[in-house]
Every structure is written in structure tokens, then in C-alpha cells.
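Coordinates from input_36.cif are shown below (mmCIF, N, CA and C atoms).
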data_target
#
loop_
_atom_site.label_atom_id
_atom_site.label_comp_id
_atom_site.auth_asym_id
_atom_site.auth_seq_id
_atom_site.Cartn_x
_atom_site.Cartn_y
_atom_site.Cartn_z
N MET A 1 -28.79 -7.33 -5.86
CA MET A 1 -28.84 -7.96 -7.16
C MET A 1 -27.43 -8.08 -7.75
N LEU A 2 -26.63 -7.07 -7.56
CA LEU A 2 -25.26 -7.09 -8.07
C LEU A 2 -24.44 -8.19 -7.40
N ILE A 3 -24.69 -8.42 -6.12
CA ILE A 3 -23.97 -9.47 -5.39
C ILE A 3 -24.34 -10.85 -5.94
N CYS A 4 -25.62 -11.06 -6.22
CA CYS A 4 -26.07 -12.35 -6.79
C CYS A 4 -25.44 -12.58 -8.16
N LEU A 5 -25.38 -11.54 -8.98
CA LEU A 5 -24.78 -11.66 -10.29
C LEU A 5 -23.29 -11.99 -10.18
N ALA A 6 -22.58 -11.35 -9.27
CA ALA A 6 -21.16 -11.62 -9.07
C ALA A 6 -20.93 -13.04 -8.56
N ALA A 7 -21.78 -13.49 -7.64
CA ALA A 7 -21.65 -14.84 -7.10
C ALA A 7 -21.89 -15.88 -8.19
N GLY A 8 -22.90 -15.66 -9.02
CA GLY A 8 -23.18 -16.59 -10.12
C GLY A 8 -22.04 -16.64 -11.12
N LEU A 9 -21.46 -15.50 -11.43
CA LEU A 9 -20.33 -15.45 -12.35
C LEU A 9 -19.13 -16.16 -11.76
N CYS A 10 -18.89 -15.98 -10.49
CA CYS A 10 -17.76 -16.64 -9.83
C CYS A 10 -17.94 -18.16 -9.85
N MET A 11 -19.13 -18.64 -9.55
CA MET A 11 -19.37 -20.09 -9.53
C MET A 11 -19.19 -20.70 -10.91
N SER A 12 -19.68 -20.04 -11.93
CA SER A 12 -19.55 -20.60 -13.28
C SER A 12 -18.11 -20.55 -13.76
N SER A 13 -17.37 -19.51 -13.40
CA SER A 13 -15.98 -19.44 -13.84
C SER A 13 -15.11 -20.41 -13.05
N CYS A 14 -15.44 -20.71 -11.80
CA CYS A 14 -14.68 -21.68 -11.02
C CYS A 14 -14.73 -23.04 -11.69
N ASP A 15 -15.87 -23.41 -12.23
CA ASP A 15 -16.02 -24.68 -12.91
C ASP A 15 -15.11 -24.74 -14.14
N LEU A 16 -14.97 -23.62 -14.84
CA LEU A 16 -14.13 -23.58 -16.02
C LEU A 16 -12.67 -23.84 -15.67
N PHE A 17 -12.23 -23.34 -14.52
CA PHE A 17 -10.84 -23.50 -14.13
C PHE A 17 -10.53 -24.90 -13.63
N ASN A 18 -11.53 -25.65 -13.18
CA ASN A 18 -11.30 -26.97 -12.61
C ASN A 18 -11.37 -28.10 -13.63
N LYS A 19 -11.79 -27.82 -14.85
CA LYS A 19 -11.89 -28.86 -15.86
C LYS A 19 -10.53 -29.22 -16.41
N LYS A 20 -10.26 -30.52 -16.48
CA LYS A 20 -9.03 -30.97 -17.11
C LYS A 20 -9.17 -30.80 -18.61
N LYS A 21 -8.08 -30.48 -19.25
CA LYS A 21 -8.06 -30.35 -20.70
C LYS A 21 -7.04 -31.32 -21.26
N PHE A 22 -7.44 -32.05 -22.28
CA PHE A 22 -6.56 -33.01 -22.92
C PHE A 22 -6.35 -32.61 -24.37
N ASP A 23 -5.18 -32.92 -24.89
CA ASP A 23 -4.82 -32.59 -26.26
C ASP A 23 -5.39 -33.65 -27.19
N GLU A 24 -6.37 -33.27 -28.00
CA GLU A 24 -7.00 -34.25 -28.89
C GLU A 24 -6.04 -34.77 -29.95
N ALA A 25 -4.94 -34.10 -30.18
CA ALA A 25 -3.95 -34.58 -31.15
C ALA A 25 -3.27 -35.86 -30.66
N MET A 26 -3.38 -36.17 -29.37
CA MET A 26 -2.78 -37.40 -28.84
C MET A 26 -3.71 -38.61 -28.98
N LEU A 27 -4.97 -38.39 -29.31
CA LEU A 27 -5.94 -39.48 -29.37
C LEU A 27 -5.84 -40.37 -30.61
N PRO A 28 -5.57 -39.83 -31.80
CA PRO A 28 -5.54 -40.70 -32.98
C PRO A 28 -4.55 -41.86 -32.85
N GLY A 29 -5.00 -43.02 -33.34
CA GLY A 29 -4.19 -44.23 -33.32
C GLY A 29 -4.99 -45.41 -32.83
N HIS A 30 -4.30 -46.53 -32.67
CA HIS A 30 -4.91 -47.80 -32.25
C HIS A 30 -4.66 -47.99 -30.76
N TRP A 31 -5.74 -48.15 -29.99
CA TRP A 31 -5.69 -48.35 -28.55
C TRP A 31 -6.28 -49.70 -28.20
N GLN A 32 -5.70 -50.39 -27.21
CA GLN A 32 -6.19 -51.71 -26.82
C GLN A 32 -6.30 -51.83 -25.31
N SER A 33 -7.42 -52.42 -24.87
CA SER A 33 -7.65 -52.74 -23.46
C SER A 33 -8.15 -54.18 -23.42
N GLY A 34 -7.25 -55.11 -23.11
CA GLY A 34 -7.62 -56.53 -23.15
C GLY A 34 -7.99 -56.92 -24.57
N THR A 35 -9.24 -57.38 -24.76
CA THR A 35 -9.69 -57.79 -26.09
C THR A 35 -10.41 -56.66 -26.84
N LEU A 36 -10.61 -55.52 -26.16
CA LEU A 36 -11.31 -54.38 -26.76
C LEU A 36 -10.31 -53.48 -27.47
N HIS A 37 -10.63 -53.14 -28.71
CA HIS A 37 -9.78 -52.28 -29.53
C HIS A 37 -10.59 -51.06 -29.97
N GLU A 38 -9.93 -49.91 -29.97
CA GLU A 38 -10.53 -48.69 -30.51
C GLU A 38 -9.49 -48.01 -31.39
N TYR A 39 -9.94 -47.57 -32.55
CA TYR A 39 -9.06 -46.85 -33.47
C TYR A 39 -9.65 -45.48 -33.74
N TYR A 40 -8.85 -44.46 -33.51
CA TYR A 40 -9.28 -43.07 -33.71
C TYR A 40 -8.49 -42.47 -34.86
N ASP A 41 -9.20 -41.92 -35.84
CA ASP A 41 -8.58 -41.16 -36.92
C ASP A 41 -8.56 -39.69 -36.52
N ALA A 42 -7.59 -38.95 -37.05
CA ALA A 42 -7.47 -37.53 -36.74
C ALA A 42 -8.65 -36.72 -37.28
N ASN A 43 -9.39 -37.26 -38.24
CA ASN A 43 -10.51 -36.53 -38.85
C ASN A 43 -11.81 -36.66 -38.06
N GLY A 44 -11.76 -37.26 -36.86
CA GLY A 44 -12.96 -37.38 -36.03
C GLY A 44 -13.78 -38.62 -36.28
N THR A 45 -13.23 -39.58 -37.00
CA THR A 45 -13.91 -40.86 -37.20
C THR A 45 -13.09 -41.95 -36.51
N GLY A 46 -13.69 -43.12 -36.37
CA GLY A 46 -12.99 -44.23 -35.76
C GLY A 46 -13.82 -45.49 -35.84
N TYR A 47 -13.32 -46.54 -35.25
CA TYR A 47 -14.06 -47.80 -35.21
C TYR A 47 -13.57 -48.62 -34.03
N THR A 48 -14.42 -49.54 -33.58
CA THR A 48 -14.10 -50.36 -32.42
C THR A 48 -14.49 -51.81 -32.69
N TRP A 49 -13.73 -52.72 -32.07
CA TRP A 49 -14.03 -54.14 -32.19
C TRP A 49 -13.54 -54.86 -30.94
N ASP A 50 -14.12 -56.03 -30.70
CA ASP A 50 -13.76 -56.84 -29.54
C ASP A 50 -13.46 -58.25 -30.01
N THR A 51 -12.23 -58.67 -29.86
CA THR A 51 -11.84 -59.99 -30.35
C THR A 51 -12.49 -61.12 -29.55
N SER A 52 -12.97 -60.84 -28.32
CA SER A 52 -13.66 -61.88 -27.56
C SER A 52 -15.02 -62.20 -28.18
N ASP A 53 -15.54 -61.31 -29.01
CA ASP A 53 -16.78 -61.55 -29.74
C ASP A 53 -16.50 -62.11 -31.13
N ASP A 54 -15.24 -62.51 -31.37
CA ASP A 54 -14.81 -63.02 -32.66
C ASP A 54 -15.03 -61.99 -33.76
N VAL A 55 -14.72 -60.73 -33.43
CA VAL A 55 -14.85 -59.63 -34.38
C VAL A 55 -13.47 -59.01 -34.55
N GLY A 56 -13.10 -58.77 -35.80
CA GLY A 56 -11.83 -58.13 -36.11
C GLY A 56 -12.05 -56.75 -36.70
N PRO A 57 -10.99 -56.08 -37.08
CA PRO A 57 -11.11 -54.73 -37.61
C PRO A 57 -11.94 -54.64 -38.89
N GLU A 58 -11.97 -55.73 -39.65
CA GLU A 58 -12.76 -55.71 -40.90
C GLU A 58 -14.26 -55.66 -40.64
N GLU A 59 -14.69 -56.05 -39.43
CA GLU A 59 -16.12 -56.02 -39.07
C GLU A 59 -16.40 -55.01 -37.94
N ALA A 60 -15.47 -54.11 -37.74
CA ALA A 60 -15.55 -53.17 -36.62
C ALA A 60 -16.74 -52.21 -36.76
N GLN A 61 -17.19 -51.73 -35.61
CA GLN A 61 -18.31 -50.78 -35.57
C GLN A 61 -17.75 -49.36 -35.71
N PRO A 62 -18.22 -48.62 -36.72
CA PRO A 62 -17.71 -47.25 -36.91
C PRO A 62 -18.34 -46.26 -35.93
N PHE A 63 -17.59 -45.21 -35.63
CA PHE A 63 -18.12 -44.13 -34.81
C PHE A 63 -17.45 -42.82 -35.21
N THR A 64 -18.08 -41.72 -34.82
CA THR A 64 -17.44 -40.42 -34.91
C THR A 64 -17.12 -40.01 -33.48
N TRP A 65 -16.14 -39.16 -33.31
CA TRP A 65 -15.75 -38.77 -31.96
C TRP A 65 -15.41 -37.29 -31.88
N THR A 66 -15.61 -36.75 -30.68
CA THR A 66 -15.17 -35.40 -30.34
C THR A 66 -14.58 -35.44 -28.94
N LEU A 67 -13.63 -34.56 -28.70
CA LEU A 67 -13.03 -34.42 -27.38
C LEU A 67 -13.09 -32.95 -27.00
N ASN A 68 -13.82 -32.66 -25.93
CA ASN A 68 -13.98 -31.30 -25.44
C ASN A 68 -13.52 -31.28 -23.99
N ASN A 69 -12.35 -30.70 -23.74
CA ASN A 69 -11.72 -30.72 -22.42
C ASN A 69 -11.49 -32.17 -22.01
N ALA A 70 -12.24 -32.69 -21.04
CA ALA A 70 -12.08 -34.08 -20.62
C ALA A 70 -13.26 -34.95 -21.06
N THR A 71 -14.15 -34.42 -21.86
CA THR A 71 -15.34 -35.17 -22.29
C THR A 71 -15.14 -35.76 -23.69
N LEU A 72 -15.09 -37.08 -23.74
CA LEU A 72 -14.98 -37.80 -25.00
C LEU A 72 -16.37 -38.31 -25.38
N THR A 73 -16.83 -37.93 -26.56
CA THR A 73 -18.13 -38.40 -27.06
C THR A 73 -17.90 -39.25 -28.30
N GLN A 74 -18.44 -40.45 -28.26
CA GLN A 74 -18.41 -41.35 -29.41
C GLN A 74 -19.85 -41.54 -29.88
N ASN A 75 -20.11 -41.32 -31.15
CA ASN A 75 -21.42 -41.56 -31.75
C ASN A 75 -21.31 -42.80 -32.63
N HIS A 76 -21.76 -43.93 -32.07
CA HIS A 76 -21.64 -45.22 -32.76
C HIS A 76 -22.73 -45.36 -33.81
N GLN A 77 -22.33 -45.75 -35.01
CA GLN A 77 -23.24 -45.92 -36.13
C GLN A 77 -23.68 -47.38 -36.20
N MET A 78 -24.96 -47.60 -35.98
CA MET A 78 -25.49 -48.96 -35.97
C MET A 78 -25.77 -49.43 -37.40
N GLU A 79 -25.81 -50.75 -37.58
CA GLU A 79 -26.03 -51.32 -38.91
C GLU A 79 -27.38 -50.93 -39.50
N MET A 80 -28.39 -50.78 -38.67
CA MET A 80 -29.73 -50.45 -39.17
C MET A 80 -29.92 -48.94 -39.34
N GLY A 81 -28.85 -48.17 -39.16
CA GLY A 81 -28.92 -46.74 -39.44
C GLY A 81 -29.02 -45.84 -38.22
N GLY A 82 -29.17 -46.38 -37.04
CA GLY A 82 -29.28 -45.55 -35.85
C GLY A 82 -27.92 -45.10 -35.34
N ILE A 83 -27.95 -44.10 -34.47
CA ILE A 83 -26.75 -43.57 -33.83
C ILE A 83 -26.90 -43.77 -32.32
N VAL A 84 -25.87 -44.33 -31.68
CA VAL A 84 -25.87 -44.51 -30.23
C VAL A 84 -24.74 -43.65 -29.65
N PRO A 85 -25.09 -42.55 -28.97
CA PRO A 85 -24.04 -41.71 -28.37
C PRO A 85 -23.53 -42.32 -27.07
N LYS A 86 -22.23 -42.25 -26.87
CA LYS A 86 -21.60 -42.70 -25.63
C LYS A 86 -20.68 -41.58 -25.17
N THR A 87 -20.80 -41.22 -23.90
CA THR A 87 -20.01 -40.11 -23.36
C THR A 87 -19.14 -40.62 -22.22
N TYR A 88 -17.87 -40.24 -22.25
CA TYR A 88 -16.90 -40.66 -21.25
C TYR A 88 -16.14 -39.46 -20.72
N THR A 89 -15.59 -39.61 -19.52
CA THR A 89 -14.72 -38.59 -18.94
C THR A 89 -13.30 -39.13 -18.93
N LEU A 90 -12.40 -38.44 -19.63
CA LEU A 90 -11.01 -38.86 -19.66
C LEU A 90 -10.33 -38.58 -18.33
N THR A 91 -9.50 -39.50 -17.91
CA THR A 91 -8.67 -39.30 -16.72
C THR A 91 -7.20 -39.29 -17.09
N THR A 92 -6.84 -39.95 -18.20
CA THR A 92 -5.46 -39.98 -18.67
C THR A 92 -5.44 -40.02 -20.19
N LEU A 93 -4.59 -39.23 -20.78
CA LEU A 93 -4.32 -39.31 -22.21
C LEU A 93 -2.88 -38.82 -22.42
N ASN A 94 -2.01 -39.77 -22.74
CA ASN A 94 -0.63 -39.43 -23.05
C ASN A 94 -0.17 -40.32 -24.19
N THR A 95 1.12 -40.34 -24.46
CA THR A 95 1.61 -41.09 -25.62
C THR A 95 1.39 -42.60 -25.50
N ASN A 96 1.21 -43.11 -24.28
CA ASN A 96 1.06 -44.56 -24.09
C ASN A 96 -0.27 -45.00 -23.52
N THR A 97 -0.98 -44.14 -22.81
CA THR A 97 -2.16 -44.55 -22.05
C THR A 97 -3.35 -43.65 -22.32
N LEU A 98 -4.50 -44.30 -22.52
CA LEU A 98 -5.80 -43.63 -22.61
C LEU A 98 -6.68 -44.26 -21.55
N ALA A 99 -7.20 -43.46 -20.64
CA ALA A 99 -8.09 -43.99 -19.61
C ALA A 99 -9.30 -43.08 -19.51
N TYR A 100 -10.47 -43.71 -19.41
CA TYR A 100 -11.70 -42.94 -19.25
C TYR A 100 -12.73 -43.77 -18.50
N HIS A 101 -13.79 -43.09 -18.06
CA HIS A 101 -14.89 -43.78 -17.37
C HIS A 101 -16.21 -43.15 -17.82
N ASP A 102 -17.28 -43.92 -17.65
CA ASP A 102 -18.61 -43.39 -17.96
C ASP A 102 -19.29 -42.98 -16.66
N ASP A 103 -20.51 -42.48 -16.77
CA ASP A 103 -21.26 -42.01 -15.60
C ASP A 103 -21.84 -43.15 -14.77
N TYR A 104 -21.66 -44.39 -15.22
CA TYR A 104 -22.23 -45.55 -14.53
C TYR A 104 -21.18 -46.36 -13.77
N GLY A 105 -19.95 -45.83 -13.69
CA GLY A 105 -18.91 -46.49 -12.92
C GLY A 105 -18.02 -47.44 -13.70
N LYS A 106 -18.21 -47.55 -15.00
CA LYS A 106 -17.38 -48.44 -15.82
C LYS A 106 -16.15 -47.67 -16.29
N SER A 107 -14.96 -48.24 -16.01
CA SER A 107 -13.69 -47.60 -16.39
C SER A 107 -12.95 -48.44 -17.40
N TYR A 108 -12.20 -47.78 -18.24
CA TYR A 108 -11.39 -48.44 -19.25
C TYR A 108 -9.99 -47.83 -19.24
N THR A 109 -8.99 -48.68 -19.41
CA THR A 109 -7.61 -48.22 -19.57
C THR A 109 -7.02 -48.91 -20.80
N PHE A 110 -6.60 -48.11 -21.75
CA PHE A 110 -6.07 -48.59 -23.02
C PHE A 110 -4.58 -48.31 -23.12
N THR A 111 -3.88 -49.15 -23.87
CA THR A 111 -2.48 -48.94 -24.19
C THR A 111 -2.38 -48.70 -25.69
N LYS A 112 -1.59 -47.71 -26.09
CA LYS A 112 -1.42 -47.42 -27.51
C LYS A 112 -0.64 -48.53 -28.19
N GLN A 113 -1.13 -48.95 -29.33
CA GLN A 113 -0.51 -50.03 -30.11
C GLN A 113 0.33 -49.42 -31.24
N PRO A 114 1.39 -50.13 -31.63
CA PRO A 114 2.24 -49.61 -32.73
C PRO A 114 1.53 -49.61 -34.06
#

In C-alpha cells, write the structure found in this file.
Amino acid sequence: MLICLAAGLCMSSCDLFNKKKFDEAMLPGHWQSGTLHEYYDANGTGYTWDTSDDVGPEEAQPFTWTLNNATLTQNHQMEMGGIVPKTYTLTTLNTNTLAYHDDYGKSYTFTKQP
């Protein structure tokens, strides 16, 4: 029984050591990927818009966000009052580049805007 407990503890701690950690202080600001724009405020709120849909920042969709290690969660607030959660795995976050992907194979790479 002691061996099983030790093995379980080892497996769970190994996962902790393999997770990438990103500094959430680098996320706030305006990011752009083609026509898709995302703006993150330091207070955990943000908004997104896509100029290919003829939408600008004044009509942007608001969201709240959290970053836990490499997991970025956006909770999009719909016009009719619903919340749509979206979860992404970050692969890059630095002063110039934000890159993440979802569990369905869709990847995004953003460049920080001035």
C-alpha cells in the first residue's frame, strides 16, 4: 500500500514539474493576429473584435480572463446574458508574441500592438 501511495504521489508531482508557467503580467495590452484583435486589461477583463466581420473596438465582445500556468481561460459575455468559456494552452508569451491553441487543433499567433 505504501508503494502505491508513493507511486501516485510521484506521478502527480511529475505533472506539476512539466507544466509551463507564463507571467500573466505580460498579457495585458492589445494583441493582433490578422484581422482578429484581443485586448487584455490587467484587472482580468478584456474584449475581442474581428475587422473582417466589420466590427471595431466600439462593438467588441467583452470577456474576463485568467491565466493559470499555461492555461488561458476566457469567459465571453454574450449579448443575451450568457457566458461562453473558452480554454487555450499558451505556447508563447513574451513582450512581442502571444501564441496559444485550443483542444481542437486551432492555433493563434498574435503580435503585440503599440

Quiz item: How many Å separate atom C of Val84 in chain A from CA of Trp49 in chain A?
Solution: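 Result for atom C of Val84 in chain A versus CA of Trp49 in chain A: 15.2 Å, one decimal.
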
Practice problem: May I have all residues of chain A that DSSP, computed from the backbone, assigns to strand (DSSP E or B), given as a VMD selection string? | Solution: chain A and resid 29 to 33 36 to 40 45 to 50 61 to 68 71 to 77 83 to 93 97 to 101 107 to 112

Residues just named, written with N, CA and C atoms as a short mmCIF file (atom, residue, chain, number, x, y, z; two decimals), in the coordinates of the input:
data_model
loop_
_atom_site.label_atom_id
_atom_site.label_comp_id
_atom_site.auth_asym_id
_atom_site.auth_seq_id
_atom_site.Cartn_x
_atom_site.Cartn_y
_atom_site.Cartn_z
N GLY A 29 -5.00 -43.02 -33.34
CA GLY A 29 -4.19 -44.23 -33.32
C GLY A 29 -4.99 -45.41 -32.83
N HIS A 30 -4.30 -46.53 -32.67
CA HIS A 30 -4.91 -47.80 -32.25
C HIS A 30 -4.66 -47.99 -30.76
N TRP A 31 -5.74 -48.15 -29.99
CA TRP A 31 -5.69 -48.35 -28.55
C TRP A 31 -6.28 -49.70 -28.20
N GLN A 32 -5.70 -50.39 -27.21
CA GLN A 32 -6.19 -51.71 -26.82
C GLN A 32 -6.30 -51.83 -25.31
N SER A 33 -7.42 -52.42 -24.87
CA SER A 33 -7.65 -52.74 -23.46
C SER A 33 -8.15 -54.18 -23.42
N LEU A 36 -10.61 -55.52 -26.16
CA LEU A 36 -11.31 -54.38 -26.76
C LEU A 36 -10.31 -53.48 -27.47
N HIS A 37 -10.63 -53.14 -28.71
CA HIS A 37 -9.78 -52.28 -29.53
C HIS A 37 -10.59 -51.06 -29.97
N GLU A 38 -9.93 -49.91 -29.97
CA GLU A 38 -10.53 -48.69 -30.51
C GLU A 38 -9.49 -48.01 -31.39
N TYR A 39 -9.94 -47.57 -32.55
CA TYR A 39 -9.06 -46.85 -33.47
C TYR A 39 -9.65 -45.48 -33.74
N TYR A 40 -8.85 -44.46 -33.51
CA TYR A 40 -9.28 -43.07 -33.71
C TYR A 40 -8.49 -42.47 -34.86
N THR A 45 -13.23 -39.58 -37.00
CA THR A 45 -13.91 -40.86 -37.20
C THR A 45 -13.09 -41.95 -36.51
N GLY A 46 -13.69 -43.12 -36.37
CA GLY A 46 -12.99 -44.23 -35.76
C GLY A 46 -13.82 -45.49 -35.84
N TYR A 47 -13.32 -46.54 -35.25
CA TYR A 47 -14.06 -47.80 -35.21
C TYR A 47 -13.57 -48.62 -34.03
N THR A 48 -14.42 -49.54 -33.58
CA THR A 48 -14.10 -50.36 -32.42
C THR A 48 -14.49 -51.81 -32.69
N TRP A 49 -13.73 -52.72 -32.07
CA TRP A 49 -14.03 -54.14 -32.19
C TRP A 49 -13.54 -54.86 -30.94
N ASP A 50 -14.12 -56.03 -30.70
CA ASP A 50 -13.76 -56.84 -29.54
C ASP A 50 -13.46 -58.25 -30.01
N GLN A 61 -17.19 -51.73 -35.61
CA GLN A 61 -18.31 -50.78 -35.57
C GLN A 61 -17.75 -49.36 -35.71
N PRO A 62 -18.22 -48.62 -36.72
CA PRO A 62 -17.71 -47.25 -36.91
C PRO A 62 -18.34 -46.26 -35.93
N PHE A 63 -17.59 -45.21 -35.63
CA PHE A 63 -18.12 -44.13 -34.81
C PHE A 63 -17.45 -42.82 -35.21
N THR A 64 -18.08 -41.72 -34.82
CA THR A 64 -17.44 -40.42 -34.91
C THR A 64 -17.12 -40.01 -33.48
N TRP A 65 -16.14 -39.16 -33.31
CA TRP A 65 -15.75 -38.77 -31.96
C TRP A 65 -15.41 -37.29 -31.88
N THR A 66 -15.61 -36.75 -30.68
CA THR A 66 -15.17 -35.40 -30.34
C THR A 66 -14.58 -35.44 -28.94
N LEU A 67 -13.63 -34.56 -28.70
CA LEU A 67 -13.03 -34.42 -27.38
C LEU A 67 -13.09 -32.95 -27.00
N ASN A 68 -13.82 -32.66 -25.93
CA ASN A 68 -13.98 -31.30 -25.44
C ASN A 68 -13.52 -31.28 -23.99
N THR A 71 -14.15 -34.42 -21.86
CA THR A 71 -15.34 -35.17 -22.29
C THR A 71 -15.14 -35.76 -23.69
N LEU A 72 -15.09 -37.08 -23.74
CA LEU A 72 -14.98 -37.80 -25.00
C LEU A 72 -16.37 -38.31 -25.38
N THR A 73 -16.83 -37.93 -26.56
CA THR A 73 -18.13 -38.40 -27.06
C THR A 73 -17.90 -39.25 -28.30
N GLN A 74 -18.44 -40.45 -28.26
CA GLN A 74 -18.41 -41.35 -29.41
C GLN A 74 -19.85 -41.54 -29.88
N ASN A 75 -20.11 -41.32 -31.15
CA ASN A 75 -21.42 -41.56 -31.75
C ASN A 75 -21.31 -42.80 -32.63
N HIS A 76 -21.76 -43.93 -32.07
CA HIS A 76 -21.64 -45.22 -32.76
C HIS A 76 -22.73 -45.36 -33.81
N GLN A 77 -22.33 -45.75 -35.01
CA GLN A 77 -23.24 -45.92 -36.13
C GLN A 77 -23.68 -47.38 -36.20
N ILE A 83 -27.95 -44.10 -34.47
CA ILE A 83 -26.75 -43.57 -33.83
C ILE A 83 -26.90 -43.77 -32.32
N VAL A 84 -25.87 -44.33 -31.68
CA VAL A 84 -25.87 -44.51 -30.23
C VAL A 84 -24.74 -43.65 -29.65
N PRO A 85 -25.09 -42.55 -28.97
CA PRO A 85 -24.04 -41.71 -28.37
C PRO A 85 -23.53 -42.32 -27.07
N LYS A 86 -22.23 -42.25 -26.87
CA LYS A 86 -21.60 -42.70 -25.63
C LYS A 86 -20.68 -41.58 -25.17
N THR A 87 -20.80 -41.22 -23.90
CA THR A 87 -20.01 -40.11 -23.36
C THR A 87 -19.14 -40.62 -22.22
N TYR A 88 -17.87 -40.24 -22.25
CA TYR A 88 -16.90 -40.66 -21.25
C TYR A 88 -16.14 -39.46 -20.72
N THR A 89 -15.59 -39.61 -19.52
CA THR A 89 -14.72 -38.59 -18.94
C THR A 89 -13.30 -39.13 -18.93
N LEU A 90 -12.40 -38.44 -19.63
CA LEU A 90 -11.01 -38.86 -19.66
C LEU A 90 -10.33 -38.58 -18.33
N THR A 91 -9.50 -39.50 -17.91
CA THR A 91 -8.67 -39.30 -16.72
C THR A 91 -7.20 -39.29 -17.09
N THR A 92 -6.84 -39.95 -18.20
CA THR A 92 -5.46 -39.98 -18.67
C THR A 92 -5.44 -40.02 -20.19
N LEU A 93 -4.59 -39.23 -20.78
CA LEU A 93 -4.32 -39.31 -22.21
C LEU A 93 -2.88 -38.82 -22.42
N THR A 97 -0.98 -44.14 -22.81
CA THR A 97 -2.16 -44.55 -22.05
C THR A 97 -3.35 -43.65 -22.32
N LEU A 98 -4.50 -44.30 -22.52
CA LEU A 98 -5.80 -43.63 -22.61
C LEU A 98 -6.68 -44.26 -21.55
N ALA A 99 -7.20 -43.46 -20.64
CA ALA A 99 -8.09 -43.99 -19.61
C ALA A 99 -9.30 -43.08 -19.51
N TYR A 100 -10.47 -43.71 -19.41
CA TYR A 100 -11.70 -42.94 -19.25
C TYR A 100 -12.73 -43.77 -18.50
N HIS A 101 -13.79 -43.09 -18.06
CA HIS A 101 -14.89 -43.78 -17.37
C HIS A 101 -16.21 -43.15 -17.82
N SER A 107 -14.96 -48.24 -16.01
CA SER A 107 -13.69 -47.60 -16.39
C SER A 107 -12.95 -48.44 -17.40
N TYR A 108 -12.20 -47.78 -18.24
CA TYR A 108 -11.39 -48.44 -19.25
C TYR A 108 -9.99 -47.83 -19.24
N THR A 109 -8.99 -48.68 -19.41
CA THR A 109 -7.61 -48.22 -19.57
C THR A 109 -7.02 -48.91 -20.80
N PHE A 110 -6.60 -48.11 -21.75
CA PHE A 110 -6.07 -48.59 -23.02
C PHE A 110 -4.58 -48.31 -23.12
N THR A 111 -3.88 -49.15 -23.87
CA THR A 111 -2.48 -48.94 -24.19
C THR A 111 -2.38 -48.70 -25.69
N LYS A 112 -1.59 -47.71 -26.09
CA LYS A 112 -1.42 -47.42 -27.51
C LYS A 112 -0.64 -48.53 -28.19
#

Quiz item: Looking only at the backbone, which of the residues in range 20-106 of chain A does DSSP tag as helix (DSSP H, G or I), as a list of chain:residue names?
Solution: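 The residues of range 20-106 of chain A classed as helix (DSSP H, G or I) are A:Glu24, A:Ala25, A:Met26, A:Thr51, A:Ser52, A:Asp53, A:Pro57, A:Glu58, A:Glu59.
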
Could those residues be written to a file, using N, CA and C atoms, as a CSV table (one decimal), keeping the file's coordinate frame?
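The resulting file, out08.csv, is reproduced below:
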chain,number,residue,atom,x,y,z
A,24,GLU,N,-6.4,-33.3,-28.0
A,24,GLU,CA,-7.0,-34.2,-28.9
A,24,GLU,C,-6.0,-34.8,-30.0
A,25,ALA,N,-4.9,-34.1,-30.2
A,25,ALA,CA,-4.0,-34.6,-31.2
A,25,ALA,C,-3.3,-35.9,-30.7
A,26,MET,N,-3.4,-36.2,-29.4
A,26,MET,CA,-2.8,-37.4,-28.8
A,26,MET,C,-3.7,-38.6,-29.0
A,51,THR,N,-12.2,-58.7,-29.9
A,51,THR,CA,-11.8,-60.0,-30.4
A,51,THR,C,-12.5,-61.1,-29.6
A,52,SER,N,-13.0,-60.8,-28.3
A,52,SER,CA,-13.7,-61.9,-27.6
A,52,SER,C,-15.0,-62.2,-28.2
A,53,ASP,N,-15.5,-61.3,-29.0
A,53,ASP,CA,-16.8,-61.6,-29.7
A,53,ASP,C,-16.5,-62.1,-31.1
A,57,PRO,N,-11.0,-56.1,-37.1
A,57,PRO,CA,-11.1,-54.7,-37.6
A,57,PRO,C,-11.9,-54.6,-38.9
A,58,GLU,N,-12.0,-55.7,-39.6
A,58,GLU,CA,-12.8,-55.7,-40.9
A,58,GLU,C,-14.3,-55.7,-40.6
A,59,GLU,N,-14.7,-56.0,-39.4
A,59,GLU,CA,-16.1,-56.0,-39.1
A,59,GLU,C,-16.4,-55.0,-37.9

Please report as a tab-separated table every residue of range 54-89 of chain A lying within 12 Å of range 99-111 of chain A, along with the nearest atom pair and their distance in Å (one decimal), using only C-alpha atoms.
residue	atom	partner	partner_atom	distance
A:Leu67	CA	A:Tyr100	CA	11.9
A:Ala70	CA	A:Tyr100	CA	9.0
A:Thr71	CA	A:Tyr100	CA	9.1
A:Leu72	CA	A:Tyr100	CA	8.4
A:Thr73	CA	A:Asp102	CA	10.4
A:Gln74	CA	A:Asp102	CA	11.6
A:Pro85	CA	A:Asp102	CA	11.9
A:Lys86	CA	A:Asp102	CA	8.3
A:Thr87	CA	A:Asp102	CA	6.5
A:Tyr88	CA	A:Asp102	CA	4.6
A:Thr89	CA	A:Tyr100	CA	5.3

Quiz item: Near His76 in chain A, counting all atoms listed in the file, which residues have an atom at most 8 Å away, once you skip same-chain residues fewer than 5 positions from it, shown as number ranges by chain?
Solution: A: 61-65, 81-86

Quiz item: Which residue gives the smallest distance to Asp50 in chain A among A:Thr66, A:Glu79, A:Pro28, A:Ser33, with only C-alpha atoms counted?
Solution: A:Ser33

Practice problem: To one decimal in Å, tell me the separation between atom N of Asn69 in chain A and atom C of Gly56 in chain A. | Solution: 29.1 Å
